[in-house]
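**Q** Sharing data.pdb here; it has PDB, C-alpha atoms.
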```pdb
MODEL        1
ATOM      1  CA  ALA K  29     -50.196  39.874  20.132
ATOM      2  CA  GLY K  30     -47.590  38.317  22.388
ATOM      3  CA  VAL K  31     -46.585  35.905  25.093
ATOM      4  CA  GLN K  32     -46.344  37.268  28.646
ATOM      5  CA  GLN K  33     -44.455  35.311  31.288
ATOM      6  CA  GLU K  34     -44.779  35.971  35.014
ATOM      7  CA  GLY K  35     -43.566  34.261  38.190
ATOM      8  CA  LYS K  36     -40.766  31.732  38.052
ATOM      9  CA  PRO K  37     -38.839  31.956  34.765
ATOM     10  CA  GLY K  38     -39.678  29.256  32.270
ATOM     11  CA  LYS K  39     -38.684  28.434  28.720
ATOM     12  CA  ILE K  40     -40.431  29.594  25.586
ATOM     13  CA  ASN K  41     -39.766  26.993  22.888
ATOM     14  CA  VAL K  42     -41.128  27.385  19.366
ATOM     15  CA  ASN K  43     -40.467  24.248  17.314
ATOM     16  CA  ALA K  44     -41.511  24.640  13.689
ATOM     17  CA  ASP K  45     -39.119  22.256  11.956
ATOM     18  CA  GLY K  46     -39.509  22.609   8.205
ATOM     19  CA  SER K  47     -41.917  25.554   8.528
ATOM     20  CA  SER K  48     -41.579  29.322   8.824
ATOM     21  CA  VAL K  49     -42.277  31.558  11.824
ATOM     22  CA  LYS K  50     -43.508  35.120  11.226
ATOM     23  CA  LEU K  51     -44.197  37.814  13.813
ATOM     24  CA  ASP K  52     -46.002  40.915  12.526
ATOM     25  CA  ASN K  53     -46.376  43.694  15.116
ATOM     26  CA  SER K  54     -46.100  40.943  17.741
ATOM     27  CA  SER K  55     -43.841  40.227  20.708
ATOM     28  CA  ILE K  56     -42.332  37.365  22.652
ATOM     29  CA  ILE K  57     -40.985  38.910  25.860
ATOM     30  CA  THR K  58     -39.795  37.325  29.095
ATOM     31  CA  GLY K  59     -39.108  39.237  32.296
ATOM     32  CA  LYS K  60     -41.310  42.264  31.549
ATOM     33  CA  SER K  61     -44.990  43.079  31.338
ATOM     34  CA  LEU K  62     -46.325  43.571  27.823
ATOM     35  CA  GLU K  63     -48.782  46.177  29.120
ATOM     36  CA  ASP K  64     -46.481  48.747  30.740
ATOM     37  CA  ASN K  65     -42.934  47.398  30.138
ATOM     38  CA  SER K  66     -42.370  47.017  33.895
ATOM     39  CA  PHE K  67     -40.401  44.111  35.376
ATOM     40  CA  VAL K  68     -42.750  41.375  36.571
ATOM     41  CA  ASN K  69     -40.343  40.037  39.232
ATOM     42  CA  SER K  70     -36.655  39.762  40.138
ATOM     43  CA  ASN K  71     -36.202  36.237  38.802
ATOM     44  CA  GLY K  72     -35.093  37.273  35.347
ATOM     45  CA  GLY K  73     -36.779  36.330  32.101
ATOM     46  CA  GLY K  74     -36.548  32.808  30.752
ATOM     47  CA  PRO K  75     -34.927  31.813  27.453
ATOM     48  CA  ILE K  76     -36.547  32.084  24.027
ATOM     49  CA  ASN K  77     -35.701  29.229  21.642
ATOM     50  CA  ILE K  78     -36.992  29.067  18.062
ATOM     51  CA  THR K  79     -36.259  26.218  15.643
ATOM     52  CA  ALA K  80     -37.652  26.749  12.145
ATOM     53  CA  ALA K  81     -36.917  26.812   8.452
ATOM     54  CA  SER K  82     -36.977  30.624   8.540
ATOM     55  CA  VAL K  83     -38.025  33.491  10.809
ATOM     56  CA  GLU K  84     -39.424  36.885   9.782
ATOM     57  CA  LEU K  85     -39.953  39.779  12.203
ATOM     58  CA  THR K  86     -41.860  42.749  10.762
ATOM     59  CA  ASN K  87     -43.665  45.937  11.797
ATOM     60  CA  GLY K  88     -42.065  46.488  15.204
ATOM     61  CA  SER K  89     -42.023  42.885  16.397
ATOM     62  CA  GLN K  90     -39.814  41.955  19.355
ATOM     63  CA  LEU K  91     -37.932  39.035  20.825
ATOM     64  CA  GLU K  92     -36.727  40.260  24.228
ATOM     65  CA  THR K  93     -35.402  38.916  27.515
ATOM     66  CA  SER K  94     -34.566  41.045  30.563
ATOM     67  CA  THR K  95     -33.511  40.811  34.195
ATOM     68  CA  ASP K  96     -33.869  43.162  37.137
ATOM     69  CA  GLY K  97     -32.419  40.798  39.738
ATOM     70  CA  GLN K  98     -29.506  38.512  40.524
ATOM     71  CA  LEU K  99     -30.532  35.771  38.107
ATOM     72  CA  PRO K 100     -29.525  36.113  34.447
ATOM     73  CA  ALA K 101     -31.870  36.991  31.639
ATOM     74  CA  GLY K 102     -32.620  34.136  29.297
ATOM     75  CA  ASP K 103     -30.746  33.584  26.058
ATOM     76  CA  ILE K 104     -32.386  34.146  22.673
ATOM     77  CA  THR K 105     -31.509  31.321  20.277
ATOM     78  CA  LEU K 106     -32.679  30.951  16.676
ATOM     79  CA  ASN K 107     -31.750  27.704  14.898
ATOM     80  CA  LEU K 108     -32.710  28.041  11.237
ATOM     81  CA  THR K 109     -32.159  26.044   8.083
ATOM     82  CA  GLY K 110     -33.010  29.118   5.992
ATOM     83  CA  ASP K 111     -33.229  32.885   6.404
ATOM     84  CA  LEU K 112     -33.769  35.436   9.159
ATOM     85  CA  THR K 113     -35.413  38.698   8.056
ATOM     86  CA  VAL K 114     -35.832  41.565  10.532
ATOM     87  CA  SER K 115     -37.496  44.759   9.258
ATOM     88  CA  GLY K 116     -39.770  47.682  10.083
ATOM     89  CA  GLY K 117     -38.156  48.592  13.382
ATOM     90  CA  SER K 118     -38.322  45.034  14.735
ATOM     91  CA  ARG K 119     -35.676  43.963  17.198
ATOM     92  CA  LEU K 120     -34.020  41.200  19.147
ATOM     93  CA  GLU K 121     -32.643  42.353  22.482
ATOM     94  CA  SER K 122     -31.530  41.250  25.913
ATOM     95  CA  ASN K 123     -30.989  43.670  28.798
ATOM     96  CA  THR K 124     -29.885  43.832  32.408
ATOM     97  CA  SER K 125     -30.584  46.611  34.901
ATOM     98  CA  SER K 126     -29.119  44.774  37.899
ATOM     99  CA  SER K 127     -26.428  42.251  38.863
ATOM    100  CA  GLY K 128     -27.837  39.485  36.691
ATOM    101  CA  ARG K 129     -26.238  38.828  33.315
ATOM    102  CA  ALA K 130     -28.026  39.844  30.130
ATOM    103  CA  GLY K 131     -28.809  36.930  27.863
ATOM    104  CA  ASN K 132     -26.811  35.911  24.814
ATOM    105  CA  ILE K 133     -28.316  36.261  21.339
ATOM    106  CA  SER K 134     -27.344  33.417  18.988
ATOM    107  CA  ILE K 135     -28.594  33.177  15.414
ATOM    108  CA  ASN K 136     -27.615  30.030  13.524
ATOM    109  CA  ALA K 137     -28.642  30.047   9.858
ATOM    110  CA  ASP K 138     -25.791  27.921   8.576
ATOM    111  CA  GLY K 139     -27.752  24.798   7.701
ATOM    112  CA  VAL K 140     -26.428  22.819  10.681
ATOM    113  CA  LEU K 141     -29.164  21.188  12.748
ATOM    114  CA  ARG K 142     -28.687  21.948  16.461
ATOM    115  CA  HIS K 143     -30.183  20.922  19.774
ATOM    116  CA  ASN K 144     -32.828  23.413  20.873
ATOM    117  CA  GLU K 145     -32.198  22.823  24.595
ATOM    118  CA  ASP K 146     -29.864  21.018  26.986
ATOM    119  CA  VAL K 147     -30.143  17.210  26.855
ATOM    120  CA  PRO K 148     -29.227  15.512  30.181
ATOM    121  CA  LYS K 149     -27.845  12.016  30.622
ATOM    122  CA  LEU K 150     -30.511   9.669  31.986
ATOM    123  CA  ASP K 151     -30.339   6.659  34.298
ATOM    124  CA  GLU K 152     -32.156   3.367  33.669
ATOM    125  CA  GLN K 153     -35.350   4.830  35.144
ATOM    126  CA  GLY K 154     -35.223   7.792  32.795
ATOM    127  CA  ASN K 155     -34.207  10.330  35.453
ATOM    128  CA  PRO K 156     -31.425  12.911  34.897
ATOM    129  CA  ILE K 157     -28.033  11.911  36.297
ATOM    130  CA  LEU K 158     -26.726  14.606  38.650
ATOM    131  CA  ASP K 159     -23.177  15.692  39.503
ATOM    132  CA  GLU K 160     -21.847  16.277  43.028
ATOM    133  CA  GLN K 161     -23.422  19.759  43.088
ATOM    134  CA  GLY K 162     -26.832  18.392  42.125
ATOM    135  CA  ASN K 163     -26.727  19.697  38.557
ATOM    136  CA  PRO K 164     -27.709  17.507  35.585
ATOM    137  CA  ILE K 165     -24.816  15.969  33.661
ATOM    138  CA  LEU K 166     -25.396  16.981  30.058
ATOM    139  CA  LEU K 167     -25.209  14.660  27.105
ATOM    140  CA  TYR K 168     -25.593  17.634  24.744
ATOM    141  CA  LYS K 169     -25.687  21.366  25.451
ATOM    142  CA  LYS K 170     -28.152  23.711  23.823
ATOM    143  CA  GLY K 171     -26.732  24.782  20.470
ATOM    144  CA  ASN K 172     -24.557  21.692  20.012
ATOM    145  CA  PRO K 173     -24.849  20.204  16.505
ATOM    146  CA  ILE K 174     -27.073  17.163  16.097
ATOM    147  CA  LEU K 175     -25.081  14.150  14.879
ATOM    148  CA  ASP K 176     -26.235  11.156  12.871
ATOM    149  CA  SER K 177     -25.709   7.550  13.960
ATOM    150  CA  GLU K 178     -22.143   7.650  12.624
ATOM    151  CA  GLY K 179     -21.223  10.854  14.450
ATOM    152  CA  ASN K 180     -21.421  13.168  11.428
ATOM    153  CA  LEU K 181     -22.982  16.633  11.324
ATOM    154  CA  ILE K 182     -26.488  16.805   9.865
ATOM    155  CA  ILE K 183     -26.346  19.683   7.383
ATOM    156  CA  THR K 184     -29.150  20.847   5.111
ATOM    157  CA  ASP K 185     -28.607  22.005   1.539
ATOM    158  CA  SER K 186     -30.096  25.453   2.155
ATOM    159  CA  GLU K 187     -27.953  28.588   2.248
ATOM    160  CA  GLY K 188     -29.289  30.928   4.892
ATOM    161  CA  THR K 189     -29.030  34.691   5.000
ATOM    162  CA  ILE K 190     -29.542  37.219   7.793
ATOM    163  CA  SER K 191     -31.049  40.579   6.860
ATOM    164  CA  PHE K 192     -31.752  43.659   9.022
ATOM    165  CA  ASP K 193     -33.569  46.593   7.407
ATOM    166  CA  GLY K 194     -35.721  49.627   8.205
ATOM    167  CA  GLY K 195     -34.291  50.582  11.598
ATOM    168  CA  SER K 196     -34.337  47.021  12.944
ATOM    169  CA  SER K 197     -31.709  45.806  15.392
ATOM    170  CA  ALA K 198     -30.169  43.109  17.551
ATOM    171  CA  SER K 199     -28.713  44.415  20.801
ATOM    172  CA  SER K 200     -27.564  43.538  24.302
ATOM    173  CA  SER K 201     -27.277  46.330  26.851
ATOM    174  CA  VAL K 202     -26.285  47.034  30.439
ATOM    175  CA  ALA K 203     -28.362  49.821  32.033
ATOM    176  CA  LYS K 204     -27.014  52.673  34.142
ATOM    177  CA  ASP K 205     -25.813  51.519  37.582
ATOM    178  CA  ALA K 206     -26.160  47.838  36.606
ATOM    179  CA  THR K 207     -23.309  45.527  37.575
ATOM    180  CA  GLY K 208     -24.296  42.502  35.493
ATOM    181  CA  SER K 209     -22.425  41.820  32.273
ATOM    182  CA  GLY K 210     -23.940  42.193  28.840
ATOM    183  CA  GLY K 211     -24.753  39.253  26.621
ATOM    184  CA  ASN K 212     -22.822  38.191  23.538
ATOM    185  CA  ILE K 213     -24.270  38.347  20.018
ATOM    186  CA  THR K 214     -23.238  35.554  17.632
ATOM    187  CA  LEU K 215     -24.304  35.187  13.996
ATOM    188  CA  ASN K 216     -23.462  31.961  12.126
ATOM    189  CA  VAL K 217     -24.633  31.873   8.507
ATOM    190  CA  ASN K 218     -23.698  30.197   5.218
ATOM    191  CA  GLY K 219     -24.677  33.221   3.131
ATOM    192  CA  ASP K 220     -24.546  36.977   3.662
ATOM    193  CA  VAL K 221     -25.411  39.215   6.614
ATOM    194  CA  THR K 222     -26.984  42.497   5.473
ATOM    195  CA  PHE K 223     -27.662  45.758   7.376
ATOM    196  CA  LYS K 224     -29.652  48.498   5.606
ATOM    197  CA  GLY K 225     -31.837  51.508   6.321
ATOM    198  CA  GLY K 226     -30.522  52.469   9.731
ATOM    199  CA  SER K 227     -30.510  48.929  11.111
ATOM    200  CA  SER K 228     -27.906  48.023  13.705
ATOM    201  CA  LEU K 229     -26.106  45.333  15.631
ATOM    202  CA  LYS K 230     -24.733  46.539  18.958
ATOM    203  CA  THR K 231     -23.628  45.778  22.493
ATOM    204  CA  ASP K 232     -23.224  48.614  24.985
ATOM    205  CA  THR K 233     -23.003  49.414  28.680
ATOM    206  CA  GLU K 234     -23.905  52.417  30.820
ATOM    207  CA  GLY K 235     -23.176  50.563  34.077
ATOM    208  CA  THR K 236     -20.131  48.898  35.608
ATOM    209  CA  GLY K 237     -20.828  45.546  33.961
ATOM    210  CA  ARG K 238     -18.897  44.856  30.773
ATOM    211  CA  ALA K 239     -20.595  44.876  27.386
ATOM    212  CA  GLY K 240     -20.884  41.668  25.401
ATOM    213  CA  ASN K 241     -18.922  40.576  22.350
ATOM    214  CA  ILE K 242     -20.128  40.496  18.744
ATOM    215  CA  THR K 243     -19.096  37.548  16.535
ATOM    216  CA  ILE K 244     -20.144  37.165  12.887
ATOM    217  CA  ASN K 245     -19.281  34.045  10.872
ATOM    218  CA  ALA K 246     -20.599  34.560   7.333
ATOM    219  CA  ASP K 247     -19.667  34.426   3.652
ATOM    220  CA  GLY K 248     -20.157  38.186   3.373
ATOM    221  CA  LEU K 249     -21.070  41.263   5.402
ATOM    222  CA  LEU K 250     -22.991  43.926   3.518
ATOM    223  CA  ARG K 251     -24.220  47.298   4.756
ATOM    224  CA  ASP K 252     -25.276  50.561   3.172
ATOM    225  CA  SER K 253     -24.334  54.032   4.427
ATOM    226  CA  GLU K 254     -27.077  53.897   7.091
ATOM    227  CA  GLY K 255     -26.406  50.405   8.402
ATOM    228  CA  VAL K 256     -24.593  50.544  11.750
ATOM    229  CA  LEU K 257     -22.333  48.106  13.590
ATOM    230  CA  LEU K 258     -21.354  49.273  17.049
ATOM    231  CA  ASP K 259     -18.599  47.865  19.217
ATOM    232  CA  GLN K 260     -18.670  47.535  22.996
ATOM    233  CA  ASN K 261     -18.057  51.253  23.501
ATOM    234  CA  GLY K 262     -20.758  52.316  21.048
ATOM    235  CA  ASP K 263     -18.207  53.248  18.398
ATOM    236  CA  ARG K 264     -18.642  52.429  14.751
TER     237      ARG K 264
ENDMDL
END
```
Translate this file's structure into C-alpha cells.
**A**
Amino acid sequence: AGVQQEGKPGKINVNADGSSVKLDNSSIITGKSLEDNSFVNSNGGGPINITAASVELTNGSQLETSTDGQLPAGDITLNLTGDLTVSGGSRLESNTSSSGRAGNISINADGVLRHNEDVPKLDEQGNPILDEQGNPILLYKKGNPILDSEGNLIITDSEGTISFDGGSSASSSVAKDATGSGGNITLNVNGDVTFKGGSSLKTDTEGTGRAGNITINADGLLRDSEGVLLDQNGDR
C-alpha cells in the first residue's frame, strides 16, 4: 500500500491528533514512482507531515522524499505526543541526486504541540499578506510550538520515546555527482532514543554537496553493539 505523488509537488498531511498511525509493509513516498523507484519528474517530492499520538513503522515501511532536479525534496516532519517505533527494516529517508537540497527529517516526541505547516498572516479578506518578493509573511512557521491564549507552550503529560530496531534507519544522503546539500536529522524527545539490531541514523554524501547534520535532544541515548550512528563522513 502507499501514496504516489506525480506532477507538481504537493503536501502529504496526516493529521491524527490523539490517535496512532501505523504503517505495515506500506510506503508514503514523494518524488518517485512506487512501481519502479524512478523519479516521476524534476520538481522534487513534496513534504510529508504527520501529527499523531504515536507512529509505528513495521515490516519494511517507508517515509521517503527525493529530488532529481533544482527544487528541494520535501521535509519529513513527525509531531508526536507519544512514541515513534521503527522496526523490521523500515526507514525514513530523504535523498538528492541533483542540485536540489535533500529534505530535513524532524521527529518531535517531546510532548510539545507544534504547528504542522506554515501559517501565513491574513488580511481582512482572509488572503495571505505578501512581502516585497511576493512570499507570504508567516505568523507561525512549520514546527513552531503552539501557544495558548496567554503565550505559554502547550505541553502534554506523555513522555515520548524513539526506538529503531531490526535494521531500521533514518537517513539523508547525497548521491554521486549530486551538488545539492543533504538534509539535517533532528530528534527531540522527552524520553530515550534507542538503536538496536543493526538499526542506524546517518547522513552521508558521495557528491560535492555537503552532508546534513544530526542533532539529538533526549534524556538518554541507548544502543547495543549492532546499533550504528554515523557522522557526515560515514564514520562511527
**Q** Using the chain letters and numbers from the file, give me the residues hit by the PyMOL selection byres ((chain K and resi 56) around 12), as a VMD selection string.
**A** chain K and resid 29 to 33 39 to 42 50 to 55 57 to 62 73 to 78 85 88 to 94 104 118 to 122
**Q** Provide the atom CA of K:Thr222 to atom CA of K:Arg129 distance in Å, to one decimal place.
**A**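 That distance, rounded to one decimal, is 28.1 Å.
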**Q** What does the structure give for the distance between atom CA of K:Gly110 and atom CA of K:Gly240, in Å to one decimal?
**A**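 Computing it gives 26.1 Å between the two atoms.
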**Q** Expand the PyMOL selection byres ((chain K and resi 199) around 6) into the explicit residue set it covers here, and present it as a PyMOL selection string.
**A** chain K and resi 121+198+200+229-231
**Q** Would you mind reading off the distance between atom CA of K:Ile165 and atom CA of K:Asn132, one decimal, in Å?
**A**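 Taking atom CA of K:Ile165 as the start and atom CA of K:Asn132 as the end point, the length is 21.9 Å.
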**Q** Taking all atoms listed in the file into account, name the residue in K:Ala137, K:Leu250, K:Ala80, K:Ala101 that is nearest to K:Leu215.
**A** K:Ala137
**Q** Just checking: using all atoms listed in the file, which residue out of K:Thr109, K:Thr86, K:Ser48, K:Thr189 ends up closest to K:Asp247?
**A**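 Under the stated criterion, the closest residue is K:Thr189.
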**Q** Here is a test: counting all atoms listed in the file, which residue of K:Ser201, K:Asn107, K:Thr113, K:Asn172 is nearest to K:Ser126?
**A** K:Ser201
**Q** Just say which residues the PyMOL selection byres ((chain K and resi 134) around 7) picks in this file, as a compact mmCIF listing (two decimals) with C-alpha atoms, in the coordinates of the input.
**A**
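selection11.txt, freshly written:
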```
# COMPACT_ATOMS: atom_id res chain seq x y z
CA ILE K 104 -32.39 34.15 22.67
CA THR K 105 -31.51 31.32 20.28
CA LEU K 106 -32.68 30.95 16.68
CA ASN K 132 -26.81 35.91 24.81
CA ILE K 133 -28.32 36.26 21.34
CA ILE K 135 -28.59 33.18 15.41
CA ASN K 136 -27.62 30.03 13.52
CA ILE K 213 -24.27 38.35 20.02
CA THR K 214 -23.24 35.55 17.63
CA LEU K 215 -24.30 35.19 14.00
```
**Q** Mind filling out stretch 84-100 of chain K with N, CA, C and O atoms and sending it as a short mmCIF file (atom, residue, chain, number, x, y, z; two decimals), keeping the file's coordinate frame?
**A**
```
data_model
loop_
_atom_site.label_atom_id
_atom_site.label_comp_id
_atom_site.auth_asym_id
_atom_site.auth_seq_id
_atom_site.Cartn_x
_atom_site.Cartn_y
_atom_site.Cartn_z
N GLU K 84 -39.25 35.52 10.28
CA GLU K 84 -39.42 36.88 9.78
C GLU K 84 -40.07 37.73 10.88
O GLU K 84 -41.14 37.38 11.40
N LEU K 85 -39.42 38.82 11.23
CA LEU K 85 -39.95 39.78 12.20
C LEU K 85 -40.24 41.08 11.46
O LEU K 85 -39.33 41.67 10.88
N THR K 86 -41.48 41.55 11.51
CA THR K 86 -41.86 42.75 10.76
C THR K 86 -42.69 43.68 11.64
O THR K 86 -43.26 43.28 12.65
N ASN K 87 -42.73 44.96 11.24
CA ASN K 87 -43.66 45.94 11.80
C ASN K 87 -43.54 46.06 13.32
O ASN K 87 -44.52 45.99 14.05
N GLY K 88 -42.29 46.24 13.79
CA GLY K 88 -42.06 46.49 15.20
C GLY K 88 -42.13 45.28 16.11
O GLY K 88 -42.31 45.42 17.33
N SER K 89 -41.99 44.10 15.57
CA SER K 89 -42.02 42.88 16.40
C SER K 89 -40.78 42.79 17.28
O SER K 89 -39.73 43.36 16.97
N GLN K 90 -40.91 42.04 18.39
CA GLN K 90 -39.81 41.96 19.36
C GLN K 90 -39.61 40.52 19.84
O GLN K 90 -40.56 39.80 20.08
N LEU K 91 -38.34 40.17 20.01
CA LEU K 91 -37.93 39.03 20.82
C LEU K 91 -37.05 39.64 21.91
O LEU K 91 -35.99 40.21 21.60
N GLU K 92 -37.45 39.54 23.18
CA GLU K 92 -36.73 40.26 24.23
C GLU K 92 -36.71 39.46 25.52
O GLU K 92 -37.71 38.89 25.94
N THR K 93 -35.53 39.45 26.17
CA THR K 93 -35.40 38.92 27.52
C THR K 93 -34.71 39.97 28.38
O THR K 93 -33.85 40.70 27.91
N SER K 94 -35.11 40.03 29.66
CA SER K 94 -34.57 41.04 30.56
C SER K 94 -34.44 40.49 31.97
O SER K 94 -35.10 39.51 32.33
N THR K 95 -33.60 41.14 32.78
CA THR K 95 -33.51 40.81 34.20
C THR K 95 -33.36 42.08 35.02
O THR K 95 -32.68 43.02 34.60
N ASP K 96 -33.98 42.07 36.18
CA ASP K 96 -33.87 43.16 37.14
C ASP K 96 -33.47 42.61 38.51
O ASP K 96 -33.74 43.22 39.54
N GLY K 97 -32.81 41.44 38.49
CA GLY K 97 -32.42 40.80 39.74
C GLY K 97 -31.06 40.13 39.61
O GLY K 97 -30.27 40.44 38.72
N GLN K 98 -30.80 39.18 40.51
CA GLN K 98 -29.51 38.51 40.52
C GLN K 98 -29.41 37.41 39.48
O GLN K 98 -28.32 37.07 39.02
N LEU K 99 -30.55 36.84 39.09
CA LEU K 99 -30.53 35.77 38.11
C LEU K 99 -30.38 36.35 36.70
O LEU K 99 -30.83 37.46 36.42
N PRO K 100 -29.74 35.60 35.81
CA PRO K 100 -29.52 36.11 34.45
C PRO K 100 -30.80 36.15 33.63
O PRO K 100 -31.76 35.42 33.90
#
```
